[in-house]
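One file, data-v5.tsv, is given below (TSV, C-alpha atoms and all ligand atoms).
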```tsv
chain	number	residue	atom	x	y	z
A	796	MET	CA	8.80	10.77	1.10
A	797	ILE	CA	7.76	7.42	2.54
A	798	ARG	CA	4.73	7.55	4.83
A	799	LEU	CA	2.19	5.28	6.48
A	800	LEU	CA	-1.05	5.01	4.52
A	801	THR	CA	-3.99	5.82	6.78
A	802	LYS	CA	-6.89	3.39	7.15
A	803	GLU	CA	-9.21	5.95	5.50
A	804	GLU	CA	-7.23	6.05	2.26
A	805	PRO	CA	-7.98	3.66	-0.62
A	806	LEU	CA	-5.58	0.75	-1.01
A	807	PRO	CA	-3.21	1.22	-4.00
A	808	TYR	CA	-4.16	-2.05	-5.72
A	809	ASP	CA	-2.56	-0.95	-8.99
A	810	LEU	CA	0.84	-1.01	-7.25
A	811	LEU	CA	0.12	-4.02	-5.02
A	812	LEU	CA	-0.90	-6.06	-8.07
A	813	LEU	CA	2.60	-5.61	-9.53
A	814	ALA	CA	3.92	-7.80	-6.70
A	815	ASP	CA	1.02	-10.21	-6.25
A	816	GLU	CA	-1.22	-11.86	-8.81
A	817	THR	CA	-4.75	-11.41	-7.51
A	818	HIS	CA	-6.90	-9.15	-5.32
A	819	GLU	CA	-7.90	-12.26	-3.39
A	820	ALA	CA	-4.28	-13.10	-2.49
A	821	ILE	CA	-3.60	-9.49	-1.47
A	822	ASN	CA	-6.74	-9.36	0.67
A	823	ARG	CA	-5.45	-12.30	2.76
A	824	TYR	CA	-2.79	-10.06	4.36
A	825	ILE	CA	-3.39	-6.44	3.46
A	826	HIS	CA	-6.03	-5.66	6.09
A	827	ASN	CA	-3.69	-6.79	8.87
A	828	SER	CA	-0.66	-5.00	7.44
A	829	GLU	CA	0.75	-1.53	7.78
A	830	LEU	CA	1.15	-0.02	4.33
A	831	TYR	CA	3.95	2.42	3.59
A	832	VAL	CA	3.87	4.44	0.38
A	833	LEU	CA	6.52	6.36	-1.49
A	834	GLU	CA	5.23	9.53	-3.10
A	835	GLN	CA	6.73	11.85	-5.67
A	836	GLU	CA	4.88	15.00	-6.70
A	837	ASN	CA	1.62	13.67	-5.21
A	838	GLU	CA	1.88	10.40	-7.13
A	839	MET	CA	2.28	7.06	-5.38
A	840	ILE	CA	5.24	5.36	-7.00
A	841	GLY	CA	6.12	2.70	-4.44
A	842	VAL	CA	4.60	0.61	-1.69
A	843	TYR	CA	5.43	-2.03	0.88
A	844	ALA	CA	3.29	-3.91	3.37
A	845	LEU	CA	4.51	-4.94	6.83
A	846	TYR	CA	2.64	-7.87	8.38
A	847	PRO	CA	3.38	-8.97	11.97
A	848	ILE	CA	4.10	-12.71	12.28
A	849	SER	CA	4.98	-12.91	15.99
A	850	ALA	CA	6.29	-10.68	18.77
A	851	GLN	CA	9.78	-11.04	17.24
A	852	ALA	CA	9.18	-11.27	13.51
A	853	ILE	CA	7.52	-9.10	10.89
A	854	GLU	CA	7.22	-9.84	7.16
A	855	ILE	CA	7.26	-7.67	4.05
A	856	LYS	CA	4.29	-9.26	2.30
A	857	ASN	CA	4.30	-6.98	-0.73
A	858	ILE	CA	6.81	-4.53	-2.22
A	859	ALA	CA	6.42	-2.76	-5.54
A	860	VAL	CA	7.69	0.19	-7.51
A	861	LEU	CA	5.73	1.69	-10.41
A	862	THR	CA	6.97	0.03	-13.61
A	863	THR	CA	8.20	3.32	-15.13
A	864	CYS	CA	10.23	4.10	-11.97
A	865	GLN	CA	11.93	0.69	-11.51
A	866	GLY	CA	15.69	0.28	-11.69
A	867	ARG	CA	16.49	3.63	-10.06
A	868	GLY	CA	17.21	2.41	-6.54
A	869	LEU	CA	13.70	2.94	-5.17
A	870	GLY	CA	13.23	-0.75	-4.30
A	871	LYS	CA	16.42	-0.58	-2.23
A	872	LEU	CA	15.15	2.61	-0.60
A	873	LEU	CA	11.84	0.93	0.36
A	874	LEU	CA	13.71	-2.08	1.79
A	875	ALA	CA	16.00	0.15	3.85
A	876	ASP	CA	12.95	1.98	5.16
A	877	ALA	CA	11.27	-1.32	6.08
A	878	VAL	CA	14.40	-2.41	7.95
A	879	SER	CA	14.55	0.78	10.00
A	880	ARG	CA	10.82	0.79	10.78
A	881	ALA	CA	10.86	-2.88	11.81
A	882	LYS	CA	13.86	-2.17	14.08
A	883	ALA	CA	12.17	0.90	15.57
A	884	LYS	CA	9.09	-1.21	16.35
A	885	GLY	CA	11.32	-3.61	18.31
A	886	TYR	CA	11.27	-6.62	15.96
A	887	SER	CA	14.40	-8.77	15.78
A	888	THR	CA	13.71	-10.50	12.45
A	889	LEU	CA	12.49	-9.20	9.10
A	890	LEU	CA	11.09	-11.79	6.68
A	891	ILE	CA	10.35	-11.65	2.97
A	892	GLY	CA	9.26	-14.26	0.44
A	893	THR	CA	9.45	-14.42	-3.32
A	894	ALA	CA	8.78	-16.83	-6.14
A	895	ASP	CA	11.51	-19.35	-6.96
A	896	ALA	CA	11.60	-18.11	-10.57
A	897	ALA	CA	11.50	-14.37	-9.78
A	898	ARG	CA	15.19	-13.63	-10.28
A	899	GLY	CA	14.99	-9.83	-9.94
A	900	PRO	CA	13.44	-9.68	-6.47
A	901	LEU	CA	15.49	-12.64	-5.23
A	902	TYR	CA	18.82	-11.03	-6.23
A	903	LEU	CA	17.70	-7.73	-4.74
A	904	TYR	CA	16.86	-9.31	-1.38
A	905	LEU	CA	20.16	-11.23	-1.30
A	906	LYS	CA	22.02	-8.05	-2.26
A	907	VAL	CA	20.62	-6.06	0.67
A	908	GLY	CA	21.46	-8.79	3.19
A	909	PHE	CA	18.54	-11.22	3.43
A	910	LYS	CA	19.42	-14.93	3.68
A	911	ILE	CA	17.36	-17.83	2.38
A	912	TYR	CA	16.10	-20.04	5.23
A	913	ALA	CA	13.19	-22.06	3.86
A	914	THR	CA	11.08	-22.94	0.87
A	915	LYS	CA	7.28	-23.13	0.92
A	916	GLU	CA	6.77	-25.94	-1.57
A	917	ASN	CA	4.01	-25.54	-4.17
A	918	PHE	CA	2.91	-22.22	-2.64
A	919	PHE	CA	2.05	-20.71	-6.04
A	920	ILE	CA	0.21	-23.85	-7.14
A	921	ASP	CA	-1.83	-24.24	-3.94
A	922	ASN	CA	-2.73	-20.57	-3.35
A	923	TYR	CA	-3.66	-19.27	-6.80
A	924	PRO	CA	-6.52	-20.36	-9.08
A	925	THR	CA	-4.46	-20.66	-12.27
A	926	PRO	CA	-0.78	-21.39	-13.03
A	927	ILE	CA	1.47	-18.31	-12.99
A	928	TYR	CA	4.36	-17.99	-15.44
A	929	GLU	CA	7.30	-15.61	-15.31
A	930	GLU	CA	9.63	-15.49	-18.32
A	931	GLY	CA	8.13	-18.82	-19.42
A	932	VAL	CA	8.82	-20.58	-16.10
A	933	GLN	CA	5.90	-21.71	-13.93
A	934	LEU	CA	6.10	-20.35	-10.40
A	935	LYS	CA	5.92	-23.21	-7.91
A	936	ASP	CA	7.74	-22.66	-4.64
A	937	MET	CA	8.02	-19.57	-2.44
A	938	VAL	CA	11.59	-18.88	-1.31
A	939	MET	CA	11.62	-17.44	2.22
A	940	LEU	CA	14.41	-15.09	3.30
A	941	ARG	CA	15.18	-13.42	6.58
A	942	MET	CA	17.34	-10.67	8.02
A	943	GLU	CA	18.32	-10.46	11.67
A	944	LEU	CA	17.90	-6.89	12.92
A	945	ASP	CA	20.32	-5.59	15.49
B	1001	LIG	N1	17.47	-8.87	-12.19
B	1001	LIG	C1	18.62	-8.72	-11.47
B	1001	LIG	N2	18.81	-7.74	-10.56
B	1001	LIG	C2	17.81	-6.87	-10.38
B	1001	LIG	C3	16.59	-6.94	-11.09
B	1001	LIG	C4	16.45	-7.98	-12.05
B	1001	LIG	N3	15.34	-8.13	-12.78
B	1001	LIG	N4	15.79	-5.93	-10.66
B	1001	LIG	C5	16.51	-5.23	-9.74
B	1001	LIG	N5	17.71	-5.81	-9.58
B	1001	LIG	C6	18.79	-5.37	-8.70
B	1001	LIG	C7	19.43	-4.14	-9.33
B	1001	LIG	O1	20.56	-4.56	-10.08
B	1001	LIG	C8	19.85	-3.30	-8.14
B	1001	LIG	O2	21.13	-3.61	-7.72
B	1001	LIG	P1	22.28	-2.47	-7.80
B	1001	LIG	O3	21.76	-1.30	-7.02
B	1001	LIG	O4	23.44	-3.15	-7.14
B	1001	LIG	O5	22.44	-2.21	-9.23
B	1001	LIG	C9	18.95	-3.79	-7.01
B	1001	LIG	O6	18.25	-4.94	-7.46
B	1001	LIG	C10	17.99	-2.72	-6.58
B	1001	LIG	O7	17.29	-2.24	-7.65
B	1001	LIG	P2	16.23	-1.08	-7.44
B	1001	LIG	O8	16.35	-0.11	-8.57
B	1001	LIG	O9	16.32	-0.53	-6.05
B	1001	LIG	O10	14.88	-1.89	-7.56
B	1001	LIG	P3	13.48	-1.36	-8.10
B	1001	LIG	O11	13.27	0.08	-7.78
B	1001	LIG	O12	13.31	-1.78	-9.50
B	1001	LIG	O13	12.49	-2.20	-7.18
B	1001	LIG	C11	11.17	-4.18	-7.17
B	1001	LIG	C12	12.60	-3.60	-7.11
B	1001	LIG	C13	10.35	-3.67	-5.98
B	1001	LIG	C14	11.28	-5.71	-7.12
B	1001	LIG	C15	10.53	-3.69	-8.51
B	1001	LIG	O14	11.30	-4.13	-9.58
B	1001	LIG	C16	9.10	-4.14	-8.69
B	1001	LIG	O15	8.17	-3.46	-8.26
B	1001	LIG	N6	8.88	-5.29	-9.38
B	1001	LIG	C17	7.53	-5.77	-9.64
B	1001	LIG	C18	6.86	-6.24	-8.37
B	1001	LIG	C19	7.63	-7.36	-7.69
B	1001	LIG	O16	8.06	-8.32	-8.31
B	1001	LIG	N7	7.76	-7.25	-6.35
B	1001	LIG	C20	8.42	-8.22	-5.53
B	1001	LIG	C21	7.55	-9.43	-5.32
B	1001	LIG	S1	7.96	-10.33	-3.83
B	1001	LIG	C22	7.18	-9.47	-2.59
B	1001	LIG	O17	6.40	-8.57	-2.84
B	1001	LIG	C23	7.43	-9.81	-1.17
```
Could you write out this file's structure as structure tokens?
Ligand code: ACO
Amino acid sequence: MIRLLTKEEPLPYDLLLLADETHEAINRYIHNSELYVLEQENEMIGVYALYPISAQAIEIKNIAVLTTCQGRGLGKLLLADAVSRAKAKGYSTLLIGTADAARGPLYLYLKVGFKIYATKENFFIDNYPTPIYEEGVQLKDMVMLRMELD
């Protein structure tokens, strides 16, 4: 079941840190986001954060599935849930960003219908204290994707 995390509940940093490098980076958006969690037998195994950008657009700032549960379609399930909740809230555009070198998430977002519309140059250099590497490639730019909701 996917449900909204209440403000009284602790933030699931263990999951959020799978998708973002530092507590500091997460804290820049998490307190103004709605957090949805996927639970299985009382364990949180997935999360996504919805952050309003404008009256029309909302962004998935963080999406993660517990490492041991990845590759079973749960990421797709979380994305589909985000799409329907964003639509139900009346937004017309859903945004998501990922690192230029993060092939897995990028393919997943393209697969479910997001389209690339911009690149935030040097995002991972300017916003994090130390260089970040994924599969030996330094993360530099943030690729921004969007989906029109109808
Ligand atoms: N390379 C290529 N394709 C991939 C990869 C990969 N590494 N990972 C997933 N995919 C594809 C799969 O092939 C699958 O397609 P298919 O259904 O046609 O076979 C599709 O993506 C969906 O896979 P799921 O099983 O639904 O994805 P999963 O449950 O593993 O969740 C997620 C995806 C959330 C990215 C997960 O792997 C994860 O938590 N990763 C670590 C955190 C992370 O990187 N989060 C995204 C950062 S960007 C952001 O948060 C906005």
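Using all atoms listed in the file, the smallest distance between any of A:Ala850, A:Leu806, A:Ala859, A:Ala894 and ligand LIG 1001 (chain B) comes from A:Ala859.
Of the residues listed (A:Ala896, A:Ala913, A:Leu944, A:Leu799), A:Leu944 shows the shortest atom-to-atom separation from Ala881 in chain A; distances use only C-alpha atoms.
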statement: For Asn922 in chain A, the closest of A:Thr863, A:Ile797, A:Lys884, A:Ile821 counting only C-alpha atoms is A:Ile821
field: Contacts of ligand LIG 1001 (chain B), 8 Å or closer, all atoms listed in the file, given as an MDAnalysis selection string
entry: chainID A and resid 810:815 841 843 855:862 864:873 891:894 897:904 906
- request: For each of A:Ile920, A:Ile840, A:Leu800, A:Leu940, take the minimum atom-to-atom distance to Gly908 in chain A, counting only C-alpha atoms, then give the residue where this is smallest.
  value: A:Leu940
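One finds CA of Leu934 in chain A at 27.0 Å from CA of Val878 in chain A.
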List as a PDB file with C-alpha atoms, keeping the file's coordinate frame the protein and nucleic acid residues near Gln933 in chain A, meaning an atom at most 12 Å away when only C-alpha atoms are counted, but skip any in the same chain fewer than 2 places from it.
```pdb
ATOM      1  CA  ALA A 894       8.780 -16.830  -6.140  1.00  0.00           C
ATOM      2  CA  ASP A 895      11.510 -19.350  -6.960  1.00  0.00           C
ATOM      3  CA  ALA A 896      11.600 -18.110 -10.570  1.00  0.00           C
ATOM      4  CA  ALA A 897      11.500 -14.370  -9.780  1.00  0.00           C
ATOM      5  CA  ASN A 917       4.010 -25.540  -4.170  1.00  0.00           C
ATOM      6  CA  PHE A 918       2.910 -22.220  -2.640  1.00  0.00           C
ATOM      7  CA  PHE A 919       2.050 -20.710  -6.040  1.00  0.00           C
ATOM      8  CA  ILE A 920       0.210 -23.850  -7.140  1.00  0.00           C
ATOM      9  CA  THR A 925      -4.460 -20.660 -12.270  1.00  0.00           C
ATOM     10  CA  PRO A 926      -0.780 -21.390 -13.030  1.00  0.00           C
ATOM     11  CA  ILE A 927       1.470 -18.310 -12.990  1.00  0.00           C
ATOM     12  CA  TYR A 928       4.360 -17.990 -15.440  1.00  0.00           C
ATOM     13  CA  GLU A 929       7.300 -15.610 -15.310  1.00  0.00           C
ATOM     14  CA  GLU A 930       9.630 -15.490 -18.320  1.00  0.00           C
ATOM     15  CA  GLY A 931       8.130 -18.820 -19.420  1.00  0.00           C
ATOM     16  CA  LYS A 935       5.920 -23.210  -7.910  1.00  0.00           C
ATOM     17  CA  ASP A 936       7.740 -22.660  -4.640  1.00  0.00           C
ATOM     18  CA  MET A 937       8.020 -19.570  -2.440  1.00  0.00           C
TER      19      MET A 937
END
```
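Our summary of the geometry notes that CA of Ala852 in chain A is positioned 13.1 Å from CA of Met939 in chain A.
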Residue neighbourhood Ile825 in chain A, 9 Å, only C-alpha atoms, exclusion window fewer than 2 positions, as number ranges by chain: A: 806, 820-823, 827-830, 844-846, 856-857
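When CA of Leu874 in chain A is paired with CA of Leu890 in chain A, their separation reads 11.2 Å.
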- prompt: Around (7.6, -9.8, 22.3) in the file's own coordinates, what residues are found within 9 Å if you use all atoms listed in the file, given back as a ChimeraX atom specification?
  reply: /A:849-851,885-886
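For the set A:Leu905, A:Glu836, A:Thr914, A:Ile848, the residue with the smallest atom-to-atom gap to Tyr824 in chain A is A:Ile848, counting all atoms listed in the file.
For the residues A:Gln835, A:Lys915, A:Ala877, A:His826, ranking by smallest atom-to-atom distance to Lys802 in chain A using all atoms listed in the file places A:His826 first.
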